[in-house]
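Visitor: File start24.cif below, mmCIF, C-alpha atoms:
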data_coords
#
loop_
_atom_site.label_atom_id
_atom_site.label_comp_id
_atom_site.auth_asym_id
_atom_site.auth_seq_id
_atom_site.Cartn_x
_atom_site.Cartn_y
_atom_site.Cartn_z
CA MET A 1 8.43 20.96 -21.78
CA ASN A 2 4.96 21.45 -20.38
CA GLN A 3 6.29 23.00 -17.17
CA LEU A 4 6.91 26.23 -19.06
CA SER A 5 3.39 26.33 -20.44
CA ASP A 6 0.21 27.61 -18.85
CA ARG A 7 -1.72 24.74 -20.39
CA VAL A 8 -2.05 21.20 -19.11
CA ALA A 9 -0.01 18.67 -21.04
CA TRP A 10 -3.00 17.00 -22.71
CA GLU A 11 -4.14 20.32 -24.18
CA ASP A 12 -0.63 21.41 -25.18
CA GLU A 13 0.04 20.56 -28.83
CA PHE A 14 3.79 20.74 -28.22
CA THR A 15 3.79 17.87 -25.70
CA PRO A 16 3.98 14.55 -27.59
CA PHE A 17 1.93 11.45 -26.93
CA PRO A 18 2.11 9.46 -24.66
CA ALA A 19 4.02 11.95 -22.50
CA ASN A 20 1.01 14.29 -22.50
CA LEU A 21 -1.22 11.46 -21.27
CA ALA A 22 1.14 10.48 -18.45
CA LEU A 23 1.84 14.07 -17.37
CA THR A 24 -1.85 14.93 -17.34
CA TRP A 25 -2.72 11.83 -15.32
CA TRP A 26 0.01 12.51 -12.77
CA GLU A 27 -0.70 16.21 -12.32
CA CYS A 28 -4.45 15.69 -11.94
CA LEU A 29 -3.76 12.93 -9.42
CA VAL A 30 -1.24 14.71 -7.19
CA SER A 31 -2.05 18.40 -7.74
CA PRO A 32 -5.69 18.79 -8.78
CA ASP A 33 -5.91 22.42 -7.63
CA ARG A 34 -3.14 23.56 -9.93
CA PHE A 35 -4.29 21.23 -12.68
CA PHE A 36 -7.87 22.47 -12.92
CA ARG A 37 -6.81 26.11 -12.74
CA ARG A 38 -4.98 25.58 -16.03
CA ILE A 39 -7.78 23.90 -17.97
CA ALA A 40 -9.04 25.74 -21.05
CA TRP A 41 -12.74 25.61 -20.16
CA VAL A 42 -13.79 27.29 -23.40
CA GLY A 43 -11.91 24.83 -25.60
CA PRO A 44 -13.36 21.87 -27.51
CA PHE A 45 -14.65 18.94 -25.47
CA SER A 46 -13.02 16.43 -27.81
CA ARG A 47 -9.67 16.54 -26.00
CA PRO A 48 -10.90 15.66 -22.48
CA LEU A 49 -13.29 13.11 -23.99
CA LEU A 50 -10.42 11.40 -25.81
CA TYR A 51 -8.43 11.38 -22.57
CA PHE A 52 -11.39 9.80 -20.79
CA LEU A 53 -11.72 7.06 -23.41
CA LEU A 54 -7.99 6.30 -23.37
CA VAL A 55 -8.03 6.00 -19.58
CA ALA A 56 -11.05 3.68 -19.74
CA ILE A 57 -9.42 1.51 -22.42
CA LEU A 58 -6.17 1.37 -20.45
CA ALA A 59 -8.06 0.32 -17.32
CA GLY A 60 -9.86 -2.32 -19.37
CA LEU A 61 -6.57 -3.63 -20.75
CA LEU A 62 -5.15 -3.88 -17.24
CA GLY A 63 -8.21 -5.80 -16.11
CA LEU A 64 -7.88 -8.13 -19.09
CA PHE A 65 -4.20 -8.65 -18.30
CA TRP A 66 -4.91 -9.66 -14.71
CA PHE A 67 -7.67 -11.95 -15.93
CA LEU A 68 -5.44 -13.73 -18.45
CA TRP A 69 -2.27 -13.94 -16.36
CA GLY A 70 -2.34 -17.46 -14.96
CA PRO A 71 -0.66 -17.05 -11.53
CA TRP A 72 -3.55 -14.98 -10.25
CA GLY A 73 -6.16 -17.51 -11.34
CA ALA A 74 -8.83 -14.84 -11.82
CA ALA A 75 -10.75 -16.87 -14.36
CA GLU A 76 -11.00 -19.87 -12.06
CA GLU A 77 -11.65 -17.97 -8.85
CA LEU A 78 -14.21 -15.52 -10.22
CA GLY A 79 -15.96 -18.01 -12.47
CA LEU A 80 -15.61 -15.84 -15.57
CA THR A 81 -15.09 -17.06 -19.12
CA LEU A 82 -12.62 -15.58 -21.56
CA GLU A 83 -15.42 -14.76 -23.98
CA LEU A 84 -17.32 -12.82 -21.32
CA GLN A 85 -14.21 -10.90 -20.32
CA LEU A 86 -13.39 -10.01 -23.93
CA LEU A 87 -16.97 -8.90 -24.54
CA SER A 88 -16.79 -6.73 -21.44
CA PHE A 89 -13.55 -5.17 -22.68
CA PHE A 90 -14.90 -4.35 -26.14
CA LEU A 91 -18.08 -2.88 -24.67
CA THR A 92 -16.12 -0.71 -22.24
CA PRO A 93 -16.00 2.45 -24.43
CA PHE A 94 -19.76 2.39 -24.96
CA ALA A 95 -20.54 1.66 -21.31
CA VAL A 96 -18.28 4.40 -19.96
CA LEU A 97 -19.67 6.94 -22.43
CA LEU A 98 -23.20 6.20 -21.25
CA GLY A 99 -22.05 6.47 -17.66
CA LEU A 100 -20.25 9.72 -18.33
CA GLY A 101 -23.31 11.26 -19.94
CA PHE A 102 -25.64 10.20 -17.15
CA ILE A 103 -23.37 11.31 -14.29
CA ALA A 104 -22.57 14.61 -16.01
CA LEU A 105 -26.27 15.37 -16.42
CA VAL A 106 -27.06 14.51 -12.80
CA LEU A 107 -24.17 16.56 -11.44
CA HIS A 108 -24.96 19.49 -13.68
CA VAL A 109 -28.49 19.70 -12.30
CA PHE A 110 -26.93 20.33 -8.89
CA VAL A 111 -24.40 22.70 -10.47
CA ILE A 112 -27.27 24.81 -11.81
CA LEU A 113 -28.96 24.78 -8.41
CA LEU A 114 -25.91 25.48 -6.26
CA ALA A 115 -23.36 27.38 -8.38
CA PRO A 116 -24.78 30.71 -9.62
CA GLY A 117 -21.74 31.56 -11.75
CA HIS A 118 -21.55 28.16 -13.37
CA ARG A 119 -20.29 27.31 -16.82
CA GLY A 120 -22.01 24.89 -19.18
CA LEU A 121 -22.48 21.14 -19.13
CA GLY A 122 -19.22 20.70 -21.02
CA ALA A 123 -17.24 22.00 -18.05
CA THR A 124 -18.87 19.46 -15.74
CA ALA A 125 -18.16 16.65 -18.20
CA THR A 126 -14.56 17.85 -18.59
CA VAL A 127 -13.99 17.55 -14.85
CA LEU A 128 -15.39 14.02 -14.90
CA CYS A 129 -13.15 13.09 -17.83
CA TYR A 130 -9.93 14.20 -16.21
CA ALA A 131 -10.87 12.95 -12.74
CA SER A 132 -11.44 9.47 -14.15
CA GLY A 133 -7.69 8.92 -14.22
CA VAL A 134 -7.70 8.49 -10.44
CA GLY A 135 -9.16 5.02 -10.92
CA LEU A 136 -6.02 3.81 -12.66
CA VAL A 137 -4.29 3.68 -9.27
CA SER A 138 -6.33 0.62 -8.31
CA ALA A 139 -6.47 -0.80 -11.84
CA VAL A 140 -2.72 -1.46 -11.88
CA LEU A 141 -3.17 -4.04 -9.11
CA PRO A 142 -4.65 -7.52 -9.53
CA PRO A 143 -8.20 -8.03 -8.22
CA ALA A 144 -8.35 -9.03 -4.57
CA LEU A 145 -10.46 -12.11 -5.33
CA GLY A 146 -8.36 -13.23 -8.27
CA PHE A 147 -5.81 -15.41 -6.51
CA ALA A 148 -5.28 -19.02 -7.41
CA GLY A 149 -6.43 -21.56 -4.87
CA SER A 150 -2.82 -22.52 -4.06
CA THR A 151 -2.05 -19.04 -2.71
CA PRO A 152 -1.60 -19.10 1.10
CA GLY A 153 -4.73 -18.03 2.93
CA VAL A 154 -2.91 -15.53 5.15
CA PHE A 155 -1.47 -13.76 2.12
CA ARG A 156 -4.85 -13.69 0.42
CA ALA A 157 -6.50 -12.21 3.50
CA ALA A 158 -3.76 -9.60 3.93
CA TYR A 159 -3.97 -8.60 0.28
CA LEU A 160 -7.76 -8.38 0.49
CA VAL A 161 -7.45 -5.93 3.39
CA PHE A 162 -4.80 -3.92 1.53
CA TYR A 163 -6.77 -3.88 -1.72
CA THR A 164 -10.02 -2.90 -0.01
CA THR A 165 -8.28 -0.10 1.88
CA LEU A 166 -6.72 1.14 -1.34
CA MET A 167 -10.06 1.07 -3.14
CA VAL A 168 -11.68 3.13 -0.38
CA ALA A 169 -8.79 5.62 -0.47
CA VAL A 170 -8.96 5.88 -4.26
CA GLN A 171 -12.70 6.52 -4.19
CA ALA A 172 -12.29 9.13 -1.47
CA TRP A 173 -9.57 10.90 -3.44
CA TYR A 174 -11.72 10.73 -6.57
CA VAL A 175 -14.41 12.65 -4.70
CA VAL A 176 -11.81 15.20 -3.57
CA VAL A 177 -10.58 15.65 -7.16
CA LEU A 178 -14.16 16.06 -8.38
CA VAL A 179 -14.85 18.71 -5.76
CA LYS A 180 -11.72 20.64 -6.64
CA GLY A 181 -12.45 20.38 -10.35
CA LEU A 182 -16.06 21.53 -10.03
CA ARG A 183 -14.99 24.39 -7.80
CA GLU A 184 -12.57 25.68 -10.42
CA SER A 185 -14.73 24.93 -13.46
CA HIS A 186 -17.87 26.60 -12.13
CA ARG A 187 -16.20 29.40 -10.16
CA THR A 188 -17.79 28.46 -6.87
CA THR A 189 -16.74 27.68 -3.30
CA THR A 190 -15.39 24.42 -1.96
CA GLY A 191 -18.50 23.94 0.15
CA ARG A 192 -20.85 24.34 -2.79
CA ALA A 193 -18.71 22.06 -4.95
CA ALA A 194 -18.73 19.43 -2.21
CA ALA A 195 -22.52 19.68 -1.99
CA ILE A 196 -22.77 19.24 -5.77
CA VAL A 197 -20.85 15.97 -5.50
CA LEU A 198 -22.15 14.60 -2.20
CA LEU A 199 -25.86 15.40 -2.45
CA PRO A 200 -26.49 13.07 -5.42
CA MET A 201 -24.57 10.33 -3.59
CA ALA A 202 -26.66 10.85 -0.46
CA LEU A 203 -29.90 10.79 -2.44
CA LEU A 204 -28.78 7.61 -4.19
CA LEU A 205 -28.04 5.95 -0.85
CA ILE A 206 -31.41 7.01 0.52
CA LEU A 207 -33.15 5.65 -2.57
CA ALA A 208 -31.22 2.39 -2.32
CA GLY A 209 -32.20 2.11 1.35
CA ILE A 210 -35.86 2.67 0.53
CA LEU A 211 -35.74 0.01 -2.18
CA VAL A 212 -34.09 -2.49 0.17
CA ILE A 213 -36.66 -1.85 2.89
CA ALA A 214 -39.47 -2.16 0.35
CA ALA A 215 -38.04 -5.44 -0.94
CA ILE A 216 -37.75 -6.84 2.59
CA ALA A 217 -41.30 -5.77 3.35
CA LEU A 218 -42.61 -7.44 0.19
CA LEU A 219 -40.78 -10.66 1.03
CA ALA A 220 -42.20 -10.59 4.54
CA LEU A 221 -45.72 -10.06 3.21
CA ALA A 222 -45.27 -12.92 0.76
CA ASP A 223 -44.51 -15.28 3.66
CA LEU A 224 -47.69 -14.37 5.54
CA PRO A 225 -50.50 -16.92 5.33
CA VAL A 226 -53.39 -15.89 3.12
#
Render the structure in this file as structure tokens.
Guide:
Amino acid sequence: MNQLSDRVAWEDEFTPFPANLALTWWECLVSPDRFFRRIAWVGPFSRPLLYFLLVAILAGLLGLFWFLWGPWGAAEELGLTLELQLLSFFLTPFAVLLGLGFIALVLHVFVILLAPGHRGLGATATVLCYASGVGLVSAVLPPALGFAGSTPGVFRAAYLVFYTTLMVAVQAWYVVVLVKGLRESHRTTTGRAAAIVLLPMALLLILAGILVIAAIALLALADLPV
């Protein structure tokens, strides 16, 4: 139904729920170039924001499922209580909204600096909303550290390697999707869009490194005799 439309499924009123959610997630995941070229950048922000919240809630439900499902023993292995996990789930919408706002503001500062023909903050936030669906790829799998103690050690080690590799690949693809989305939304080049995404990450790593060095230096000074 949506294949005949110029609009993405989530923004097409003729595509029913939850088909529009699934189609939007899949297209953004496997064909981000085509997907972001079809976004209505001048439309209301409520639609991508709702998509973002649904994805976050779905990821939270998957995490809760893996926590509660006994064979994986996540509660025992990770030392988490049911109350804490439920509280985390119910706070998820508020936490992700705060995160979305902060990241959108930071990225948009670099958009203003590096993309002369940029659109508004809403376009940056829209890209973040739709790109968030990439994280569901790893959310459908149980946590690598959530195996019961009876699980064979070789299997646990192999799954840890697989899960870690998948997480790295998912994060890398998330960056790629962000770059493609920002390129289309702000009518800029791939290089500039990549700089918009990677420069804040680099600055964050540098800041983290400075803080770690400062902490080590303070600990070393504390051990010196007075």
Visitor: Just so the selection is clear, what residues does the PyMOL selection byres ((chain A and resi 196-199) around 9) cover here, as a ChimeraX atom specification?
Guide: /A:107-111,113-115,175,178-179,182,191-195,200-204
Visitor: If you apply the PyMOL selection byres ((chain A and resi 185) around 12) to this file, what residues do you get, as a PyMOL selection string?
Guide: chain A and resi 32-33+35-42+108+111+115+117-128+177-184+186-190+193
Visitor: Quick one: residues within 10 Å of Leu61 of chain A, only C-alpha atoms counted, chain neighbours fewer than 3 positions away excluded, as a ChimeraX atom specification?
Guide: /A:55-58,64-67,86,89-90,139-140
Visitor: Could you tell me which of A:Ala59, A:Pro44, A:Tyr174, A:Tyr130 comes closest to Ala9 of chain A if we count all atoms listed in the file?
Guide: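 Looking only at the distances to Ala9 of chain A, the closest residue turns out to be A:Tyr130.
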Visitor: Nearest to Leu62 of chain A: which of A:Leu105, A:Val8, A:Ala19, A:Val137 is it, counting only C-alpha atoms?
Guide: A:Val137
Visitor: Please compute the atom CA of Leu221 of chain A-atom CA of Leu207 of chain A distance, one decimal, in Å.
Guide: 20.9 Å
Visitor: Step by step, work through what the PyMOL selection byres ((chain A and resi 96) around 12) selects in the shown file, and finish by giving those residues as a PyMOL selection string.
Guide: chain A and resi 49+52-57+59-60+88-95+97-104+128-129+132
Visitor: What is the distance, in Å and to one decimal place, between atom CA of Glu27 of chain A and atom CA of Val168 of chain A?
Guide: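 Atom CA of Val168 of chain A lies at a distance of 20.8 Å from atom CA of Glu27 of chain A.
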Visitor: Please report the interatomic distance between atom CA of Arg156 of chain A and atom CA of Ala172 of chain A in Å with one decimal.
Guide: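 Result for atom CA of Arg156 of chain A versus atom CA of Ala172 of chain A: 24.1 Å, one decimal.
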Visitor: Using all atoms listed in the file, collect all residues at a distance of at most 9 Å from (-3.0, 12.0, -11.5) as written in the file, then present them as a list in words.
Guide: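 All residues meeting the 9 Å criterion around (-3.0, 12.0, -11.5) are Ala22, Leu23, Thr24, Trp25, Trp26, Glu27, Cys28, Leu29, Val30, Ser31, Pro32, Tyr130, Ala131, Gly133, Val134, Leu136 and Val137 of chain A.
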Visitor: Just write the chosen residues, C-alpha atoms, as an mmCIF file, in the frame of the given file.
Guide:
data_model
loop_
_atom_site.group_PDB
_atom_site.id
_atom_site.type_symbol
_atom_site.label_atom_id
_atom_site.label_comp_id
_atom_site.auth_asym_id
_atom_site.auth_seq_id
_atom_site.Cartn_x
_atom_site.Cartn_y
_atom_site.Cartn_z
ATOM 1 C CA ALA A 22 1.140 10.480 -18.450
ATOM 2 C CA LEU A 23 1.840 14.070 -17.370
ATOM 3 C CA THR A 24 -1.850 14.930 -17.340
ATOM 4 C CA TRP A 25 -2.720 11.830 -15.320
ATOM 5 C CA TRP A 26 0.010 12.510 -12.770
ATOM 6 C CA GLU A 27 -0.700 16.210 -12.320
ATOM 7 C CA CYS A 28 -4.450 15.690 -11.940
ATOM 8 C CA LEU A 29 -3.760 12.930 -9.420
ATOM 9 C CA VAL A 30 -1.240 14.710 -7.190
ATOM 10 C CA SER A 31 -2.050 18.400 -7.740
ATOM 11 C CA PRO A 32 -5.690 18.790 -8.780
ATOM 12 C CA TYR A 130 -9.930 14.200 -16.210
ATOM 13 C CA ALA A 131 -10.870 12.950 -12.740
ATOM 14 C CA GLY A 133 -7.690 8.920 -14.220
ATOM 15 C CA VAL A 134 -7.700 8.490 -10.440
ATOM 16 C CA LEU A 136 -6.020 3.810 -12.660
ATOM 17 C CA VAL A 137 -4.290 3.680 -9.270
#
